[in-house]
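See below for my_file-v4.pdb, which holds PDB, C-alpha atoms and all ligand atoms.
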ATOM      1  CA  MET A1062       2.848   7.948  20.265
ATOM      2  CA  ASP A1063       4.049   5.490  22.822
ATOM      3  CA  GLU A1064       6.807   3.708  20.926
ATOM      4  CA  GLY A1065       7.768   1.464  23.813
ATOM      5  CA  ASP A1066       4.374  -0.097  24.200
ATOM      6  CA  SER A1067       3.036   0.169  20.673
ATOM      7  CA  LYS A1068       5.990  -1.675  19.165
ATOM      8  CA  SER A1069       6.315  -4.239  21.938
ATOM      9  CA  HIS A1070       6.205  -7.551  20.145
ATOM     10  CA  LYS A1071       3.837  -9.263  22.535
ATOM     11  CA  SER A1072       1.230  -6.575  22.810
ATOM     12  CA  VAL A1073       1.077  -6.067  19.041
ATOM     13  CA  SER A1074       0.753  -9.825  18.459
ATOM     14  CA  GLU A1075      -2.040  -9.948  20.971
ATOM     15  CA  LYS A1076      -3.834  -7.068  19.320
ATOM     16  CA  LEU A1077      -3.476  -8.659  15.880
ATOM     17  CA  GLU A1078      -4.761 -11.966  17.187
ATOM     18  CA  ALA A1079      -7.690 -10.238  18.830
ATOM     19  CA  ILE A1080      -8.549  -8.497  15.545
ATOM     20  CA  ALA A1081      -8.281 -11.814  13.650
ATOM     21  CA  ASP A1082     -10.550 -13.463  16.206
ATOM     22  CA  VAL A1083     -13.224 -10.832  15.727
ATOM     23  CA  VAL A1084     -12.842 -11.018  11.933
ATOM     24  CA  SER A1085     -13.244 -14.802  12.002
ATOM     25  CA  GLU A1086     -16.707 -14.356  13.532
ATOM     26  CA  CYS A1087     -17.654 -11.247  11.585
ATOM     27  CA  ARG A1088     -20.949 -11.178   9.696
ATOM     28  CA  LYS A1089     -21.225  -7.437   9.253
ATOM     29  CA  CYS A1090     -21.508  -7.558   5.473
ATOM     30  CA  PRO A1091     -22.875  -9.954   2.836
ATOM     31  CA  LEU A1092     -19.397 -11.315   2.009
ATOM     32  CA  ALA A1093     -19.754 -13.444   5.157
ATOM     33  CA  GLU A1094     -22.344 -15.553   3.281
ATOM     34  CA  THR A1095     -20.038 -16.676   0.510
ATOM     35  CA  ARG A1096     -16.608 -16.877   2.134
ATOM     36  CA  THR A1097     -14.864 -20.124   2.976
ATOM     37  CA  ASN A1098     -12.371 -18.541   5.377
ATOM     38  CA  THR A1099     -11.766 -15.035   6.576
ATOM     39  CA  VAL A1100      -8.351 -13.663   5.566
ATOM     40  CA  PRO A1101      -7.373 -11.213   8.281
ATOM     41  CA  GLY A1102      -3.737 -10.778   7.253
ATOM     42  CA  GLU A1103      -0.386 -12.126   8.381
ATOM     43  CA  GLY A1104       3.198 -11.166   8.987
ATOM     44  CA  SER A1105       5.531  -9.631  11.495
ATOM     45  CA  PRO A1106       4.019  -7.681  14.381
ATOM     46  CA  THR A1107       7.116  -5.470  14.254
ATOM     47  CA  ALA A1108       6.874  -4.918  10.504
ATOM     48  CA  GLU A1109       8.129  -1.571   9.250
ATOM     49  CA  VAL A1110       6.300  -2.159   5.969
ATOM     50  CA  MET A1111       2.676  -3.134   5.510
ATOM     51  CA  PHE A1112       1.296  -4.216   2.140
ATOM     52  CA  VAL A1113      -2.433  -3.773   1.635
ATOM     53  CA  GLY A1114      -4.338  -5.513  -1.148
ATOM     54  CA  GLU A1115      -7.952  -5.217  -2.158
ATOM     55  CA  GLY A1116      -9.450  -8.451  -0.910
ATOM     56  CA  PRO A1117      -8.885 -12.207  -0.893
ATOM     57  CA  GLY A1118      -9.077 -14.207  -4.107
ATOM     58  CA  GLN A1119      -9.909 -17.875  -4.411
ATOM     59  CA  ASP A1120      -6.593 -19.234  -3.123
ATOM     60  CA  GLU A1121      -6.715 -16.879  -0.178
ATOM     61  CA  ASP A1122     -10.344 -17.754   0.591
ATOM     62  CA  LEU A1123      -9.457 -21.452   0.612
ATOM     63  CA  SER A1124      -6.325 -21.065   2.748
ATOM     64  CA  GLY A1125      -7.252 -18.137   4.992
ATOM     65  CA  ARG A1126      -3.924 -16.467   4.111
ATOM     66  CA  PRO A1127      -3.331 -13.285   2.087
ATOM     67  CA  PHE A1128      -1.542 -13.256  -1.259
ATOM     68  CA  VAL A1129      -0.821 -16.963  -1.647
ATOM     69  CA  GLY A1130      -1.986 -17.349  -5.282
ATOM     70  CA  ARG A1131      -0.135 -16.279  -8.434
ATOM     71  CA  ALA A1132      -0.259 -12.600  -7.536
ATOM     72  CA  GLY A1133       1.108 -13.537  -4.125
ATOM     73  CA  LYS A1134       4.023 -15.387  -5.677
ATOM     74  CA  LEU A1135       4.897 -12.292  -7.663
ATOM     75  CA  LEU A1136       4.590 -10.182  -4.517
ATOM     76  CA  ASP A1137       6.978 -12.576  -2.753
ATOM     77  CA  GLU A1138       9.477 -12.262  -5.596
ATOM     78  CA  LEU A1139       9.268  -8.481  -5.514
ATOM     79  CA  ILE A1140       9.849  -8.422  -1.762
ATOM     80  CA  GLU A1141      12.738 -10.879  -2.023
ATOM     81  CA  SER A1142      14.356  -8.837  -4.799
ATOM     82  CA  LEU A1143      15.060  -6.003  -2.360
ATOM     83  CA  PRO A1144      16.184  -8.181  -0.542
ATOM     84  CA  MET A1145      13.587  -8.506   2.208
ATOM     85  CA  ARG A1146      11.567 -11.447   3.434
ATOM     86  CA  ARG A1147       7.818 -11.898   3.417
ATOM     87  CA  GLU A1148       8.024 -12.797   7.114
ATOM     88  CA  ASP A1149       9.445  -9.362   7.891
ATOM     89  CA  VAL A1150       6.505  -7.403   6.498
ATOM     90  CA  TYR A1151       2.787  -7.471   7.206
ATOM     91  CA  ILE A1152       0.305  -8.296   4.455
ATOM     92  CA  ALA A1153      -3.373  -7.435   4.733
ATOM     93  CA  ASN A1154      -6.358  -6.530   2.610
ATOM     94  CA  VAL A1155      -9.022  -3.847   2.676
ATOM     95  CA  VAL A1156     -11.787  -6.463   2.931
ATOM     96  CA  LYS A1157     -11.164  -9.679   4.825
ATOM     97  CA  CYS A1158     -13.605 -11.933   2.948
ATOM     98  CA  ARG A1159     -13.526 -12.865  -0.729
ATOM     99  CA  PRO A1160     -15.916 -11.016  -3.017
ATOM    100  CA  PRO A1161     -17.607 -13.750  -5.087
ATOM    101  CA  GLY A1162     -16.030 -14.264  -8.497
ATOM    102  CA  ASN A1163     -13.293 -11.787  -7.530
ATOM    103  CA  ARG A1164     -15.563  -8.835  -8.192
ATOM    104  CA  ASP A1165     -14.614  -5.511  -6.660
ATOM    105  CA  PRO A1166     -15.806  -5.116  -3.101
ATOM    106  CA  GLU A1167     -18.822  -2.824  -2.845
ATOM    107  CA  ARG A1168     -18.717   0.453  -1.014
ATOM    108  CA  GLY A1169     -20.838  -0.827   1.866
ATOM    109  CA  GLU A1170     -18.629  -3.889   2.273
ATOM    110  CA  VAL A1171     -15.520  -1.726   2.388
ATOM    111  CA  GLU A1172     -17.151   0.569   4.923
ATOM    112  CA  GLU A1173     -18.141  -2.304   7.183
ATOM    113  CA  CYS A1174     -14.699  -3.865   7.015
ATOM    114  CA  SER A1175     -12.560  -0.724   7.266
ATOM    115  CA  GLY A1176     -12.337  -0.722  11.034
ATOM    116  CA  TYR A1177     -10.282  -3.921  11.012
ATOM    117  CA  LEU A1178      -7.648  -2.499   8.679
ATOM    118  CA  ARG A1179      -7.530   0.701  10.706
ATOM    119  CA  GLN A1180      -6.974  -1.328  13.884
ATOM    120  CA  GLN A1181      -4.249  -3.376  12.214
ATOM    121  CA  ILE A1182      -2.441  -0.240  11.044
ATOM    122  CA  GLU A1183      -2.722   1.272  14.494
ATOM    123  CA  ALA A1184      -1.399  -1.894  16.164
ATOM    124  CA  ILE A1185       1.535  -2.426  13.804
ATOM    125  CA  ASP A1186       2.255   1.270  13.327
ATOM    126  CA  PRO A1187       4.374   0.648  10.199
ATOM    127  CA  LEU A1188       6.727   3.278   8.784
ATOM    128  CA  VAL A1189       5.526   2.561   5.259
ATOM    129  CA  ILE A1190       2.217   1.359   3.864
ATOM    130  CA  VAL A1191       2.221  -0.040   0.334
ATOM    131  CA  PRO A1192      -1.291   0.006  -1.133
ATOM    132  CA  LEU A1193      -1.420  -2.566  -3.942
ATOM    133  CA  GLY A1194      -3.584  -1.499  -6.847
ATOM    134  CA  ARG A1195      -6.061   1.281  -7.307
ATOM    135  CA  HIS A1196      -8.705  -0.020  -4.922
ATOM    136  CA  ALA A1197      -6.335  -0.261  -1.983
ATOM    137  CA  LEU A1198      -4.846   3.120  -2.886
ATOM    138  CA  GLY A1199      -8.337   4.582  -3.025
ATOM    139  CA  TRP A1200      -8.934   3.470   0.542
ATOM    140  CA  PHE A1201      -6.056   5.700   1.661
ATOM    141  CA  ASN A1202      -6.377   8.554  -0.800
ATOM    142  CA  PRO A1203      -8.996   8.519  -3.554
ATOM    143  CA  SER A1204      -7.420  11.505  -5.313
ATOM    144  CA  LEU A1205      -4.246   9.606  -6.248
ATOM    145  CA  ARG A1206      -4.072   7.558  -9.426
ATOM    146  CA  ILE A1207      -2.308   4.249  -9.185
ATOM    147  CA  THR A1208      -0.164   4.370 -12.303
ATOM    148  CA  ALA A1209       0.990   7.926 -11.607
ATOM    149  CA  SER A1210       1.759   7.028  -7.973
ATOM    150  CA  ASN A1211       3.519   3.707  -8.516
ATOM    151  CA  GLY A1212       6.755   3.671  -6.497
ATOM    152  CA  LYS A1213       6.354   7.271  -5.345
ATOM    153  CA  ILE A1214       6.606   8.264  -1.734
ATOM    154  CA  PHE A1215       3.811  10.264  -0.139
ATOM    155  CA  ARG A1216       3.388  11.465   3.376
ATOM    156  CA  HIS A1217       0.259  10.085   4.987
ATOM    157  CA  GLU A1218      -0.452  11.169   8.544
ATOM    158  CA  ASP A1219       2.674  10.237  10.518
ATOM    159  CA  ARG A1220       3.968   7.651   8.074
ATOM    160  CA  VAL A1221       4.495   7.290   4.334
ATOM    161  CA  LEU A1222       2.549   5.643   1.534
ATOM    162  CA  MET A1223       4.322   4.057  -1.390
ATOM    163  CA  PRO A1224       1.646   2.794  -3.773
ATOM    164  CA  LEU A1225       2.346   0.003  -6.238
ATOM    165  CA  LEU A1226       0.319  -1.468  -9.055
ATOM    166  CA  HIS A1227      -1.523  -4.604  -8.023
ATOM    167  CA  PRO A1228       0.728  -7.634  -8.605
ATOM    168  CA  SER A1229      -2.006  -9.246 -10.699
ATOM    169  CA  ALA A1230      -1.574  -6.365 -13.167
ATOM    170  CA  GLY A1231       2.077  -7.365 -13.380
ATOM    171  CA  LEU A1232       1.054 -10.911 -14.327
ATOM    172  CA  ARG A1233      -0.924  -9.598 -17.264
ATOM    173  CA  ASN A1234       1.373  -7.127 -18.907
ATOM    174  CA  PRO A1235       5.172  -6.799 -19.152
ATOM    175  CA  SER A1236       5.174  -3.025 -18.817
ATOM    176  CA  ASN A1237       3.223  -3.348 -15.567
ATOM    177  CA  ALA A1238       5.712  -5.956 -14.378
ATOM    178  CA  GLU A1239       8.502  -3.523 -15.168
ATOM    179  CA  MET A1240       6.734  -0.756 -13.245
ATOM    180  CA  LEU A1241       6.404  -3.076 -10.247
ATOM    181  CA  ARG A1242      10.074  -4.052 -10.374
ATOM    182  CA  GLU A1243      11.106  -0.417 -10.573
ATOM    183  CA  GLY A1244       8.597   0.729  -7.992
ATOM    184  CA  ILE A1245       9.480  -1.808  -5.308
ATOM    185  CA  HIS A1246      13.090  -0.648  -5.368
ATOM    186  CA  ASN A1247      12.020   2.661  -3.909
ATOM    187  CA  LEU A1248      10.960   0.858  -0.754
ATOM    188  CA  ARG A1249      14.308   1.338   0.920
ATOM    189  CA  GLU A1250      14.066   5.058   0.339
ATOM    190  CA  ALA A1251      10.469   4.987   1.570
ATOM    191  CA  ILE A1252      11.569   3.316   4.797
ATOM    192  CA  LEU A1253      14.246   5.971   5.326
ATOM    193  CA  GLU A1254      11.661   8.656   4.654
ATOM    194  CA  GLY A1255       9.307   6.888   7.067
ATOM    195  CA  ILE A1256      11.984   7.025   9.760
ATOM    196  CA  ARG A1257      12.451  10.742   9.148
ATOM    197  CA  VAL A1258       8.709  11.339   9.307
ATOM    198  CA  LYS A1259       8.422   9.338  12.510
ATOM    199  CA  ARG A1260      11.345  11.133  14.124
ATOM    200  CA  GLU A1261       9.889  14.446  13.156
ATOM    201  CA  ALA A1262       6.487  13.429  14.489
ATOM    202  CA  ILE A1263       8.106  12.662  17.826
ATOM    203  CA  ALA A1264      10.205  15.834  17.840
ATOM    204  CA  GLU A1265       7.521  18.167  16.488
ATOM    205  CA  PRO A1266       4.103  16.820  17.400
ATOM    206  CA  GLU A1267       2.312  19.751  15.736
ATOM    207  CA  VAL A1268       3.628  18.607  12.342
ATOM    208  CA  ALA A1269       2.454  15.076  12.939
ATOM    209  CA  THR A1270      -1.044  16.103  13.899
ATOM    210  CA  ARG A1271      -1.735  18.341  10.931
ATOM    211  CA  PRO A1272      -4.820  17.176   9.070
ATOM    212  CA  SER A1273      -4.057  14.988   6.094
ATOM    213  CA  ASP A1274      -6.961  16.528   4.207
ATOM    214  CA  GLY A1275      -6.007  20.107   4.948
ATOM    215  CA  ASP A1276      -5.117  22.792   2.427
ATOM    216  CA  ALA A1277      -1.879  22.693   0.519
ATOM    217  CA  GLU A1278       0.797  23.998   2.788
ATOM    218  CA  ALA A1279       4.469  24.814   3.085
ATOM    219  CA  PRO A1280       6.776  21.839   2.616
ATOM    220  CA  SER A1281       7.726  20.160   5.852
ATOM    221  CA  SER A1282      11.236  20.128   7.197
ATOM    222  CA  VAL A1283      11.281  16.435   6.303
ATOM    223  CA  LEU A1284      11.233  17.384   2.665
ATOM    224  CA  GLU A1285      13.807  20.093   3.080
ATOM    225  CA  GLU A1286      16.035  17.529   4.719
ATOM    226  CA  ALA A1287      15.628  15.327   1.689
ATOM    227  CA  GLY A1288      17.308  18.087  -0.269
ATOM    228  CA  LYS A1289      14.911  19.005  -3.009
ATOM    229  CA  ILE A1290      11.395  20.259  -2.875
ATOM    230  CA  ALA A1291       8.910  19.247  -5.492
ATOM    231  CA  SER A1292       7.207  22.278  -6.983
ATOM    232  CA  ASP A1293       3.442  22.636  -6.685
ATOM    233  CA  GLU A1294       3.189  21.870 -10.344
ATOM    234  CA  ALA A1295       5.296  18.751 -10.007
ATOM    235  CA  ALA A1296       3.263  17.587  -7.033
ATOM    236  CA  GLU A1297       0.067  17.637  -9.075
ATOM    237  CA  THR A1298      -1.207  14.289 -10.124
ATOM    238  CA  ASP A1299      -2.655  13.897 -13.568
ATOM    239  CA  THR A1300      -6.088  14.159 -12.019
ATOM    240  CA  GLY A1301      -5.199  17.836 -11.864
ATOM    241  CA  GLU A1302      -5.336  17.739  -8.083
ATOM    242  CA  THR A1303      -2.516  18.485  -5.751
ATOM    243  CA  PRO A1304      -2.272  15.621  -3.259
ATOM    244  CA  VAL A1305      -3.118  17.424  -0.051
ATOM    245  CA  GLY A1306      -1.256  16.654   3.128
ATOM    246  CA  LEU A1307       1.097  14.496   1.090
ATOM    247  CA  PHE A1308       4.376  15.097  -0.580
ATOM    248  CA  GLU A1309       6.130  13.784  -3.609
ATOM    249  CA  ARG A1310       9.389  11.973  -3.323
ATOM    250  CA  ALA A1311      12.197  14.448  -3.676
ATOM    251  CA  GLN A1312      13.023  14.741  -7.371
ATOM    252  CA  THR A1313      14.303  17.453  -9.644
ATOM    253  CA  PRO A1314      11.560  19.134 -11.676
ATOM    254  CA  GLU A1315      13.105  17.590 -14.809
ATOM    255  CA  GLU A1316      12.912  14.121 -13.301
ATOM    256  CA  VAL A1317       9.323  14.687 -12.279
ATOM    257  CA  GLN A1318       8.339  15.903 -15.722
ATOM    258  CA  GLU A1319      10.072  13.055 -17.469
ATOM    259  CA  GLU A1320       8.454  10.565 -15.160
ATOM    260  CA  MET A1321       5.011  12.067 -15.602
ATOM    261  CA  ARG A1322       5.460  11.984 -19.360
ATOM    262  CA  LYS A1323       6.440   8.310 -19.250
ATOM    263  CA  GLN A1324       3.596   7.477 -16.907
ATOM    264  CA  ARG A1325       0.996   9.171 -19.071
ATOM    265  CA  ALA A1326       2.234   7.182 -22.038
ATOM    266  CA  ILE A1327       1.822   3.821 -20.331
ATOM    267  CA  GLU A1328      -1.125   4.663 -18.155
ATOM    268  CA  GLU A1329      -3.851   3.787 -20.589
ATOM    269  CA  ALA A1330      -2.367   0.394 -21.344
ATOM    270  CA  ALA A1331      -1.712  -0.285 -17.680
ATOM    271  CA  GLU A1332      -5.201   0.572 -16.527
ATOM    272  CA  ALA A1333      -6.799  -1.391 -19.310
ATOM    273  CA  ALA A1334      -4.628  -4.344 -18.371
ATOM    274  CA  GLU A1335      -5.962  -4.329 -14.804
ATOM    275  CA  ASN A1336      -9.200  -5.678 -16.227
ATOM    276  CA  GLU A1337      -7.767  -8.165 -18.682
ATOM    277  CA  GLU A1338      -7.210 -11.858 -18.347
ATOM    278  CA  PRO A1339      -3.669 -13.027 -17.558
ATOM    279  CA  ALA A1340      -1.641 -13.200 -20.758
ATOM    280  CA  VAL A1341       1.992 -12.981 -19.747
ATOM    281  CA  VAL A1342       3.994 -14.793 -17.141
ATOM    282  CA  VAL A1343       6.426 -12.495 -15.475
ATOM    283  CA  ASP A1344      10.132 -13.025 -15.483
ATOM    284  CA  ASP A1345      11.174 -11.258 -12.310
ATOM    285  CA  ARG A1346      14.848 -12.242 -12.305
ATOM    286  CA  GLN A1347      16.176  -8.814 -12.962
ATOM    287  CA  SER A1348      19.170  -7.619 -10.997
ATOM    288  CA  SER A1349      18.408  -5.286  -8.120
ATOM    289  CA  PHE A1350      20.128  -2.100  -7.086
ATOM    290  CA  PHE A1351      20.909  -3.317  -3.604
TER
HETATM  291  N1  LIG A1401      -5.386  -9.991  -4.357
HETATM  292  C1  LIG A1401      -5.569  -9.196  -3.299
HETATM  293  O1  LIG A1401      -5.886  -8.012  -3.424
HETATM  294  N2  LIG A1401      -5.386  -9.736  -2.086
HETATM  295  C2  LIG A1401      -5.015 -10.996  -1.880
HETATM  296  O2  LIG A1401      -4.863 -11.384  -0.729
HETATM  297  C3  LIG A1401      -4.822 -11.807  -3.012
HETATM  298  C4  LIG A1401      -5.010 -11.299  -4.252
HETATM  299 FE1  LIG A1402     -16.905  -8.779   8.190
HETATM  300 FE2  LIG A1402     -15.171  -7.653   6.524
HETATM  301 FE3  LIG A1402     -15.894 -10.191   6.147
HETATM  302 FE4  LIG A1402     -17.638  -8.239   5.656
HETATM  303  S1  LIG A1402     -15.702  -8.595   4.569
HETATM  304  S2  LIG A1402     -18.055 -10.112   6.810
HETATM  305  S3  LIG A1402     -17.095  -6.737   7.253
HETATM  306  S4  LIG A1402     -14.774  -9.367   7.907
END
Please go through the file and, once you have read it, give me the structure as structure tokens.
Amino acid sequence: MDEGDSKSHKSVSEKLEAIADVVSECRKCPLAETRTNTVPGEGSPTAEVMFVGEGPGQDEDLSGRPFVGRAGKLLDELIESLPMRREDVYIANVVKCRPPGNRDPERGEVEECSGYLRQQIEAIDPLVIVPLGRHALGWFNPSLRITASNGKIFRHEDRVLMPLLHPSAGLRNPSNAEMLREGIHNLREAILEGIRVKREAIAEPEVATRPSDGDAEAPSSVLEEAGKIASDEAAETDTGETPVGLFERAQTPEEVQEEMRKQRAIEEAAEAAENEEPAVVVDDRQSSFF
């Protein structure tokens, strides 16, 4: 990795603009027919954190900007609660054009559009990627479940993933809103973990280049540094699969078990709520830890 060049403000901005230019002309999938504007993404070219949603909604389609509707307002509040600023992060989506009626993007549409997100990630090279909701998480790792992964820190290639529920789920259900508020507060830890991963990738390139879809393997020195090593059992998601090439945030086995128990209890309600109409307006004015 060439840190000097890849994080140079100007060259990253230029790359992001070039990607947005191509996206603005893109007609590679049928979503081009129904969009008003493309929504390539926006934010700081030097962002350490990149949020990735599923695809533009109506407000985003009309404005050409990501997360500007109600879900976006909640996302802003979550970011500001850290405290961080929206301008300091980068916000993008898996697909850059609105699926009509806010339906899920189809597999072919995601495939056609994926190159743009990959290029954006490569250009920004963030320490932490926050997939928002199960569709965005599925783009990075289909074996992880969103409710079980909310606010957890996973290694992904030479950076970390910290999935969160989609903010629109938080608008619909108070327990989802609570999960989002709790989850976002792990972002500081995720950034620190991202720094460790990046430093290790620079110091020990063979660790950084290990395949993310390889077999389960010995914990990395990054984890050992973090103090505690999640057991294989603890690292299993409730899909019964061990996330391969990823690690759990360092927790005691008791903490992991307690968390998994809590998550299982709320999971059904949370996932059902992802498909419901908005019912609850979120009060996000809870005190933060830092
Ligand atoms: N939902 C998303 O997934 N992305 C947006 O940009 C807005 C709402
Ligand atoms: Fe192109 Fe992506 Fe828009 Fe489809 S969704 S037209 S692939 S930019």
Per residue of chain A within 10 Å of ligand LIG 1401 (chain A), which atom pair is closest and at what distance in Å (one decimal), using only C-alpha atoms and all ligand atoms, listed by chain and increasing number, as a tab-separated table?
residue	atom	partner	partner_atom	distance
A:Val1100	CA	A:LIG1401	O2	7.5
A:Pro1101	CA	A:LIG1401	O2	9.4
A:Gly1102	CA	A:LIG1401	O2	8.1
A:Phe1112	CA	A:LIG1401	N2	9.6
A:Val1113	CA	A:LIG1401	O1	7.4
A:Gly1114	CA	A:LIG1401	O1	3.7
A:Glu1115	CA	A:LIG1401	O1	3.7
A:Gly1116	CA	A:LIG1401	O1	4.4
A:Pro1117	CA	A:LIG1401	O2	4.1
A:Gly1118	CA	A:LIG1401	C4	5.0
A:Gln1119	CA	A:LIG1401	C3	8.0
A:Asp1120	CA	A:LIG1401	C3	7.6
A:Glu1121	CA	A:LIG1401	O2	5.8
A:Asp1122	CA	A:LIG1401	O2	8.5
A:Gly1125	CA	A:LIG1401	O2	9.2
A:Arg1126	CA	A:LIG1401	O2	7.1
A:Pro1127	CA	A:LIG1401	O2	3.7
A:Phe1128	CA	A:LIG1401	O2	3.8
A:Val1129	CA	A:LIG1401	C3	6.7
A:Gly1130	CA	A:LIG1401	C3	6.6
A:Arg1131	CA	A:LIG1401	C4	8.1
A:Ala1132	CA	A:LIG1401	C4	5.9
A:Gly1133	CA	A:LIG1401	C3	6.3
A:Lys1134	CA	A:LIG1401	C3	9.9
A:Leu1136	CA	A:LIG1401	C4	9.7
A:Ile1152	CA	A:LIG1401	O2	7.9
A:Ala1153	CA	A:LIG1401	O2	6.9
A:Asn1154	CA	A:LIG1401	N2	5.8
A:Val1155	CA	A:LIG1401	O1	8.0
A:Val1156	CA	A:LIG1401	N2	8.8
A:Lys1157	CA	A:LIG1401	O2	8.6
A:Cys1158	CA	A:LIG1401	O2	9.5
A:Arg1159	CA	A:LIG1401	O2	8.8
A:Asn1163	CA	A:LIG1401	N1	8.7
A:Asp1165	CA	A:LIG1401	O1	9.6
A:Pro1192	CA	A:LIG1401	O1	9.5
A:Leu1193	CA	A:LIG1401	O1	7.1
A:Gly1194	CA	A:LIG1401	O1	7.7
A:His1196	CA	A:LIG1401	O1	8.6
A:Ala1197	CA	A:LIG1401	O1	7.9
A:His1227	CA	A:LIG1401	O1	7.2
A:Pro1228	CA	A:LIG1401	N1	7.8
A:Ser1229	CA	A:LIG1401	N1	7.2
Store the residues of this selection in a file with C-alpha atoms, as an mmCIF file, in the coordinates of the input.
data_model
loop_
_atom_site.group_PDB
_atom_site.id
_atom_site.type_symbol
_atom_site.label_atom_id
_atom_site.label_comp_id
_atom_site.auth_asym_id
_atom_site.auth_seq_id
_atom_site.Cartn_x
_atom_site.Cartn_y
_atom_site.Cartn_z
ATOM 1 C CA VAL A 1100 -8.351 -13.663 5.566
ATOM 2 C CA PRO A 1101 -7.373 -11.213 8.281
ATOM 3 C CA GLY A 1102 -3.737 -10.778 7.253
ATOM 4 C CA PHE A 1112 1.296 -4.216 2.140
ATOM 5 C CA VAL A 1113 -2.433 -3.773 1.635
ATOM 6 C CA GLY A 1114 -4.338 -5.513 -1.148
ATOM 7 C CA GLU A 1115 -7.952 -5.217 -2.158
ATOM 8 C CA GLY A 1116 -9.450 -8.451 -0.910
ATOM 9 C CA PRO A 1117 -8.885 -12.207 -0.893
ATOM 10 C CA GLY A 1118 -9.077 -14.207 -4.107
ATOM 11 C CA GLN A 1119 -9.909 -17.875 -4.411
ATOM 12 C CA ASP A 1120 -6.593 -19.234 -3.123
ATOM 13 C CA GLU A 1121 -6.715 -16.879 -0.178
ATOM 14 C CA ASP A 1122 -10.344 -17.754 0.591
ATOM 15 C CA GLY A 1125 -7.252 -18.137 4.992
ATOM 16 C CA ARG A 1126 -3.924 -16.467 4.111
ATOM 17 C CA PRO A 1127 -3.331 -13.285 2.087
ATOM 18 C CA PHE A 1128 -1.542 -13.256 -1.259
ATOM 19 C CA VAL A 1129 -0.821 -16.963 -1.647
ATOM 20 C CA GLY A 1130 -1.986 -17.349 -5.282
ATOM 21 C CA ARG A 1131 -0.135 -16.279 -8.434
ATOM 22 C CA ALA A 1132 -0.259 -12.600 -7.536
ATOM 23 C CA GLY A 1133 1.108 -13.537 -4.125
ATOM 24 C CA LYS A 1134 4.023 -15.387 -5.677
ATOM 25 C CA LEU A 1136 4.590 -10.182 -4.517
ATOM 26 C CA ILE A 1152 0.305 -8.296 4.455
ATOM 27 C CA ALA A 1153 -3.373 -7.435 4.733
ATOM 28 C CA ASN A 1154 -6.358 -6.530 2.610
ATOM 29 C CA VAL A 1155 -9.022 -3.847 2.676
ATOM 30 C CA VAL A 1156 -11.787 -6.463 2.931
ATOM 31 C CA LYS A 1157 -11.164 -9.679 4.825
ATOM 32 C CA CYS A 1158 -13.605 -11.933 2.948
ATOM 33 C CA ARG A 1159 -13.526 -12.865 -0.729
ATOM 34 C CA ASN A 1163 -13.293 -11.787 -7.530
ATOM 35 C CA ASP A 1165 -14.614 -5.511 -6.660
ATOM 36 C CA PRO A 1192 -1.291 0.006 -1.133
ATOM 37 C CA LEU A 1193 -1.420 -2.566 -3.942
ATOM 38 C CA GLY A 1194 -3.584 -1.499 -6.847
ATOM 39 C CA HIS A 1196 -8.705 -0.020 -4.922
ATOM 40 C CA ALA A 1197 -6.335 -0.261 -1.983
ATOM 41 C CA HIS A 1227 -1.523 -4.604 -8.023
ATOM 42 C CA PRO A 1228 0.728 -7.634 -8.605
ATOM 43 C CA SER A 1229 -2.006 -9.246 -10.699
#
Residues proximal to (2.8, -0.8, -0.1) were defined as those with any atom within 9 Å of that point in the file's coordinates, counting all atoms listed in the file. Which are they, as a PyMOL selection string?
chain A and resi 1110-1114+1189-1193+1212+1222-1225+1245+1248
Starting from the displayed file, determine the output of the PyMOL selection byres (((not hetatm)) within 10 of (chain A and resi 1402)) and express the residue list as a PyMOL selection string.
chain A and resi 1080-1081+1083-1096+1098-1101+1116-1117+1154-1160+1166-1167+1169-1178
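Going from CA of Arg1195 in chain A over to CA of Ala1079 in chain A, you cover 28.6 Å.
Considering only C-alpha atoms, the residue among A:Leu1135, A:Ala1209, A:Pro1106, A:Arg1164 positioned nearest to Ala1230 in chain A is A:Leu1135.
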As AutoDock Vina command-line options, what would the box around range 1079-1098 of chain A look like: edges along x, y and z, 6 Å added on every side, centre and edge lengths in Å to one decimal?
--center_x -15.3 --center_y -13.8 --center_z 9.7 --size_x 27.2 --size_y 24.7 --size_z 30.3
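CA of Gln1180 in chain A lies 11.4 Å from CA of Glu1078 in chain A.
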Output of range 1243-1249 of chain A limited to N, CA and C atoms, as an mmCIF file, in the first residue's frame:
data_model
loop_
_atom_site.group_PDB
_atom_site.id
_atom_site.type_symbol
_atom_site.label_atom_id
_atom_site.label_comp_id
_atom_site.auth_asym_id
_atom_site.auth_seq_id
_atom_site.Cartn_x
_atom_site.Cartn_y
_atom_site.Cartn_z
ATOM 1 N N GLU A 1243 -26.307 1.944 20.589
ATOM 2 C CA GLU A 1243 -25.228 1.197 21.243
ATOM 3 C C GLU A 1243 -24.140 0.838 20.250
ATOM 4 N N GLY A 1244 -24.573 0.407 19.074
ATOM 5 C CA GLY A 1244 -23.598 -0.062 18.076
ATOM 6 C C GLY A 1244 -22.656 1.033 17.619
ATOM 7 N N ILE A 1245 -23.191 2.216 17.369
ATOM 8 C CA ILE A 1245 -22.352 3.295 16.813
ATOM 9 C C ILE A 1245 -21.246 3.672 17.802
ATOM 10 N N HIS A 1246 -21.498 3.460 19.084
ATOM 11 C CA HIS A 1246 -20.464 3.841 20.057
ATOM 12 C C HIS A 1246 -19.251 2.936 20.043
ATOM 13 N N ASN A 1247 -19.336 1.849 19.301
ATOM 14 C CA ASN A 1247 -18.138 1.017 19.143
ATOM 15 C C ASN A 1247 -17.253 1.516 18.014
ATOM 16 N N LEU A 1248 -17.679 2.596 17.364
ATOM 17 C CA LEU A 1248 -16.910 3.062 16.202
ATOM 18 C C LEU A 1248 -15.509 3.529 16.591
ATOM 19 N N ARG A 1249 -15.404 4.147 17.749
ATOM 20 C CA ARG A 1249 -14.078 4.604 18.162
ATOM 21 C C ARG A 1249 -13.130 3.409 18.331
#
